[in-house]
Amino acid sequence: MSLIPSLLGNRGIFDPFSSDIWAPFGSNNEVSSFANARVDWKETPEGHVFKADLPGLKKEEVKVEVEEGRVLQISGERSVEKEDKNEKWHRVERGRGKFLRKFWLPENAKVDEIKANMENGVLTVTVPKVPEKKAEVKTIEISG
């Protein structure tokens with residue numbers, strides 16, 4: 001949390017609903033907290049696992065790509081519901097709009113073997129790791 005004031009200057013309280021902070025595409029004031037989809041990243045002995053909460057999205061509305069060889073990019077969009085002239089909205093809190101998250105993958109990532117799965121609104125991206133080479137030990141016979 002201590003990084004927030006330094007990233008935003010001395011603007012005061014962090015507001016995730018402020019469109020000037022989270023509008024990466026610059027053309028849409030409908031961007032909300034969904035624009036910064038929450039992602040967990042953990043490392044296991046076998047690889048790196050990314051989990052993104054994307055409630056209400058279908059797998060067809062989400063893209064997982066690798067840019068520049070080592071940048072994992074997760075993006076998508078939740079559409080705004082169409083307004084009916086006979087309806088009156090009292091409150092809109094559910095996130096909507098475009099989102100884009102990028103992560104620099106470590107050098108030991110096997111980018112050609114990345115797998116992605118979407119289940120119950122949670123996207124799981126698994127990036128296997130290149131196995132670490134164990135140092136070879138060569139015993140030298142001592143003469144004398």
# chains A, B, ... in the order shown; residues from 1 in each chain; ligands from 1
$ residues_around --residues "Glu65 of chain A" --least-positions-apart "6" --cutoff "9 Å" --atoms "only C-alpha atoms" --output "list in words"
Val71, Leu72, Gln73, Ile74 and Ser75 of chain A
$ select_by_dssp --residues "segment 17-129 of chain A" --states "strand (DSSP E or B)" --output "count of residues only"
48
$ residues_around --residues "Glu132 of chain A" --least-positions-apart "2" --cutoff "10 Å" --atoms "only C-alpha atoms" --output "list in words"
Pro45, Asn108, Lys129, Val130, Lys134 and Ala135 of chain A
$ write_last_selection --atoms "C-alpha atoms" --output "compact mmCIF listing (two decimals), in the first residue's frame"
# COMPACT_ATOMS: atom_id res chain seq x y z
CA PRO A 45 8.65 -25.81 -8.50
CA ASN A 108 13.17 -19.69 -17.09
CA LYS A 129 9.56 -23.48 -16.10
CA VAL A 130 12.75 -24.79 -17.69
CA LYS A 134 21.99 -29.26 -11.33
CA ALA A 135 25.63 -28.48 -10.95
$ decode --residues "segment 80-93 of chain A" --atoms "all heavy atoms" --output "PDB file, in the first residue's frame"
ATOM      1  N   VAL A  80     -21.060  -3.057 -21.804  1.00  0.00           N
ATOM      2  CA  VAL A  80     -22.048  -2.307 -21.050  1.00  0.00           C
ATOM      3  C   VAL A  80     -23.418  -2.825 -21.470  1.00  0.00           C
ATOM      4  O   VAL A  80     -23.669  -3.031 -22.662  1.00  0.00           O
ATOM      5  CB  VAL A  80     -21.925  -0.791 -21.353  1.00  0.00           C
ATOM      6  CG1 VAL A  80     -22.998   0.002 -20.630  1.00  0.00           C
ATOM      7  CG2 VAL A  80     -20.543  -0.302 -21.006  1.00  0.00           C
ATOM      8  N   GLU A  81     -24.297  -3.039 -20.500  1.00  0.00           N
ATOM      9  CA  GLU A  81     -25.645  -3.500 -20.828  1.00  0.00           C
ATOM     10  C   GLU A  81     -26.386  -2.416 -21.608  1.00  0.00           C
ATOM     11  O   GLU A  81     -26.256  -1.226 -21.322  1.00  0.00           O
ATOM     12  CB  GLU A  81     -26.416  -3.841 -19.548  1.00  0.00           C
ATOM     13  CG  GLU A  81     -25.922  -5.089 -18.872  1.00  0.00           C
ATOM     14  CD  GLU A  81     -26.793  -5.472 -17.683  1.00  0.00           C
ATOM     15  OE1 GLU A  81     -28.030  -5.309 -17.769  1.00  0.00           O
ATOM     16  OE2 GLU A  81     -26.217  -5.931 -16.700  1.00  0.00           O
ATOM     17  N   LYS A  82     -27.170  -2.852 -22.566  1.00  0.00           N
ATOM     18  CA  LYS A  82     -27.945  -1.912 -23.371  1.00  0.00           C
ATOM     19  C   LYS A  82     -29.043  -1.294 -22.509  1.00  0.00           C
ATOM     20  O   LYS A  82     -29.683  -1.979 -21.730  1.00  0.00           O
ATOM     21  CB  LYS A  82     -28.558  -2.616 -24.576  1.00  0.00           C
ATOM     22  CG  LYS A  82     -27.536  -3.110 -25.559  1.00  0.00           C
ATOM     23  CD  LYS A  82     -28.197  -3.809 -26.715  1.00  0.00           C
ATOM     24  CE  LYS A  82     -27.120  -4.351 -27.652  1.00  0.00           C
ATOM     25  NZ  LYS A  82     -27.703  -5.113 -28.761  1.00  0.00           N
ATOM     26  N   GLU A  83     -29.231   0.002 -22.687  1.00  0.00           N
ATOM     27  CA  GLU A  83     -30.272   0.698 -21.926  1.00  0.00           C
ATOM     28  C   GLU A  83     -31.591   0.630 -22.682  1.00  0.00           C
ATOM     29  O   GLU A  83     -31.635   0.800 -23.896  1.00  0.00           O
ATOM     30  CB  GLU A  83     -29.893   2.166 -21.720  1.00  0.00           C
ATOM     31  CG  GLU A  83     -28.813   2.363 -20.687  1.00  0.00           C
ATOM     32  CD  GLU A  83     -28.641   3.837 -20.333  1.00  0.00           C
ATOM     33  OE1 GLU A  83     -29.643   4.568 -20.288  1.00  0.00           O
ATOM     34  OE2 GLU A  83     -27.486   4.221 -20.114  1.00  0.00           O
ATOM     35  N   ASP A  84     -32.623   0.379 -21.939  1.00  0.00           N
ATOM     36  CA  ASP A  84     -33.979   0.400 -22.472  1.00  0.00           C
ATOM     37  C   ASP A  84     -34.614   1.708 -22.011  1.00  0.00           C
ATOM     38  O   ASP A  84     -34.439   2.111 -20.867  1.00  0.00           O
ATOM     39  CB  ASP A  84     -34.752  -0.813 -21.933  1.00  0.00           C
ATOM     40  CG  ASP A  84     -36.123  -0.953 -22.565  1.00  0.00           C
ATOM     41  OD1 ASP A  84     -36.721   0.073 -22.957  1.00  0.00           O
ATOM     42  OD2 ASP A  84     -36.596  -2.096 -22.659  1.00  0.00           O
ATOM     43  N   LYS A  85     -35.361   2.365 -22.876  1.00  0.00           N
ATOM     44  CA  LYS A  85     -35.963   3.653 -22.523  1.00  0.00           C
ATOM     45  C   LYS A  85     -36.925   3.541 -21.350  1.00  0.00           C
ATOM     46  O   LYS A  85     -37.194   4.514 -20.669  1.00  0.00           O
ATOM     47  CB  LYS A  85     -36.667   4.243 -23.736  1.00  0.00           C
ATOM     48  CG  LYS A  85     -35.713   4.664 -24.816  1.00  0.00           C
ATOM     49  CD  LYS A  85     -36.429   5.269 -25.995  1.00  0.00           C
ATOM     50  CE  LYS A  85     -35.406   5.649 -27.046  1.00  0.00           C
ATOM     51  NZ  LYS A  85     -36.008   6.274 -28.207  1.00  0.00           N
ATOM     52  N   ASN A  86     -37.447   2.340 -21.102  1.00  0.00           N
ATOM     53  CA  ASN A  86     -38.397   2.141 -20.012  1.00  0.00           C
ATOM     54  C   ASN A  86     -37.716   1.782 -18.699  1.00  0.00           C
ATOM     55  O   ASN A  86     -38.388   1.528 -17.708  1.00  0.00           O
ATOM     56  CB  ASN A  86     -39.405   1.032 -20.377  1.00  0.00           C
ATOM     57  CG  ASN A  86     -40.227   1.414 -21.584  1.00  0.00           C
ATOM     58  OD1 ASN A  86     -40.557   2.580 -21.776  1.00  0.00           O
ATOM     59  ND2 ASN A  86     -40.552   0.436 -22.397  1.00  0.00           N
ATOM     60  N   GLU A  87     -36.387   1.733 -18.694  1.00  0.00           N
ATOM     61  CA  GLU A  87     -35.644   1.355 -17.490  1.00  0.00           C
ATOM     62  C   GLU A  87     -34.946   2.564 -16.895  1.00  0.00           C
ATOM     63  O   GLU A  87     -34.507   3.465 -17.611  1.00  0.00           O
ATOM     64  CB  GLU A  87     -34.600   0.286 -17.812  1.00  0.00           C
ATOM     65  CG  GLU A  87     -35.195  -1.016 -18.275  1.00  0.00           C
ATOM     66  CD  GLU A  87     -34.132  -2.012 -18.691  1.00  0.00           C
ATOM     67  OE1 GLU A  87     -32.982  -1.605 -18.953  1.00  0.00           O
ATOM     68  OE2 GLU A  87     -34.459  -3.206 -18.774  1.00  0.00           O
ATOM     69  N   LYS A  88     -34.814   2.554 -15.589  1.00  0.00           N
ATOM     70  CA  LYS A  88     -34.102   3.622 -14.897  1.00  0.00           C
ATOM     71  C   LYS A  88     -33.068   2.976 -13.978  1.00  0.00           C
ATOM     72  O   LYS A  88     -33.411   2.230 -13.073  1.00  0.00           O
ATOM     73  CB  LYS A  88     -35.084   4.455 -14.068  1.00  0.00           C
ATOM     74  CG  LYS A  88     -34.414   5.567 -13.298  1.00  0.00           C
ATOM     75  CD  LYS A  88     -35.435   6.351 -12.495  1.00  0.00           C
ATOM     76  CE  LYS A  88     -34.766   7.425 -11.675  1.00  0.00           C
ATOM     77  NZ  LYS A  88     -35.724   8.155 -10.857  1.00  0.00           N
ATOM     78  N   TRP A  89     -31.795   3.238 -14.246  1.00  0.00           N
ATOM     79  CA  TRP A  89     -30.724   2.687 -13.413  1.00  0.00           C
ATOM     80  C   TRP A  89     -30.609   3.526 -12.140  1.00  0.00           C
ATOM     81  O   TRP A  89     -30.557   4.748 -12.208  1.00  0.00           O
ATOM     82  CB  TRP A  89     -29.390   2.735 -14.168  1.00  0.00           C
ATOM     83  CG  TRP A  89     -29.297   1.723 -15.271  1.00  0.00           C
ATOM     84  CD1 TRP A  89     -29.661   1.908 -16.569  1.00  0.00           C
ATOM     85  CD2 TRP A  89     -28.831   0.386 -15.174  1.00  0.00           C
ATOM     86  NE1 TRP A  89     -29.436   0.770 -17.285  1.00  0.00           N
ATOM     87  CE2 TRP A  89     -28.921  -0.184 -16.455  1.00  0.00           C
ATOM     88  CE3 TRP A  89     -28.335  -0.388 -14.123  1.00  0.00           C
ATOM     89  CZ2 TRP A  89     -28.548  -1.491 -16.722  1.00  0.00           C
ATOM     90  CZ3 TRP A  89     -27.957  -1.689 -14.396  1.00  0.00           C
ATOM     91  CH2 TRP A  89     -28.066  -2.226 -15.668  1.00  0.00           C
ATOM     92  N   HIS A  90     -30.539   2.864 -10.995  1.00  0.00           N
ATOM     93  CA  HIS A  90     -30.358   3.558  -9.732  1.00  0.00           C
ATOM     94  C   HIS A  90     -28.910   3.485  -9.266  1.00  0.00           C
ATOM     95  O   HIS A  90     -28.448   4.379  -8.560  1.00  0.00           O
ATOM     96  CB  HIS A  90     -31.272   2.967  -8.641  1.00  0.00           C
ATOM     97  CG  HIS A  90     -32.710   3.272  -8.892  1.00  0.00           C
ATOM     98  ND1 HIS A  90     -33.278   4.479  -8.588  1.00  0.00           N
ATOM     99  CD2 HIS A  90     -33.681   2.514  -9.449  1.00  0.00           C
ATOM    100  CE1 HIS A  90     -34.550   4.459  -8.935  1.00  0.00           C
ATOM    101  NE2 HIS A  90     -34.825   3.273  -9.464  1.00  0.00           N
ATOM    102  N   ARG A  91     -28.226   2.434  -9.648  1.00  0.00           N
ATOM    103  CA  ARG A  91     -26.838   2.274  -9.210  1.00  0.00           C
ATOM    104  C   ARG A  91     -26.131   1.313 -10.157  1.00  0.00           C
ATOM    105  O   ARG A  91     -26.698   0.303 -10.558  1.00  0.00           O
ATOM    106  CB  ARG A  91     -26.804   1.704  -7.800  1.00  0.00           C
ATOM    107  CG  ARG A  91     -25.472   1.737  -7.150  1.00  0.00           C
ATOM    108  CD  ARG A  91     -25.673   1.712  -5.634  1.00  0.00           C
ATOM    109  NE  ARG A  91     -24.435   1.883  -4.948  1.00  0.00           N
ATOM    110  CZ  ARG A  91     -23.908   3.036  -4.610  1.00  0.00           C
ATOM    111  NH1 ARG A  91     -24.520   4.150  -4.905  1.00  0.00           N
ATOM    112  NH2 ARG A  91     -22.785   3.095  -3.953  1.00  0.00           N
ATOM    113  N   VAL A  92     -24.893   1.621 -10.504  1.00  0.00           N
ATOM    114  CA  VAL A  92     -24.080   0.741 -11.332  1.00  0.00           C
ATOM    115  C   VAL A  92     -22.744   0.569 -10.622  1.00  0.00           C
ATOM    116  O   VAL A  92     -21.950   1.509 -10.550  1.00  0.00           O
ATOM    117  CB  VAL A  92     -23.858   1.329 -12.752  1.00  0.00           C
ATOM    118  CG1 VAL A  92     -22.958   0.430 -13.567  1.00  0.00           C
ATOM    119  CG2 VAL A  92     -25.195   1.541 -13.452  1.00  0.00           C
ATOM    120  N   GLU A  93     -22.510  -0.598 -10.055  1.00  0.00           N
ATOM    121  CA  GLU A  93     -21.269  -0.874  -9.319  1.00  0.00           C
ATOM    122  C   GLU A  93     -20.444  -1.982  -9.946  1.00  0.00           C
ATOM    123  O   GLU A  93     -19.261  -2.079  -9.686  1.00  0.00           O
ATOM    124  CB  GLU A  93     -21.589  -1.253  -7.865  1.00  0.00           C
ATOM    125  CG  GLU A  93     -22.140  -0.117  -7.056  1.00  0.00           C
ATOM    126  CD  GLU A  93     -22.353  -0.493  -5.599  1.00  0.00           C
ATOM    127  OE1 GLU A  93     -22.281  -1.689  -5.261  1.00  0.00           O
ATOM    128  OE2 GLU A  93     -22.590   0.427  -4.801  1.00  0.00           O
TER     129      GLU A  93
END
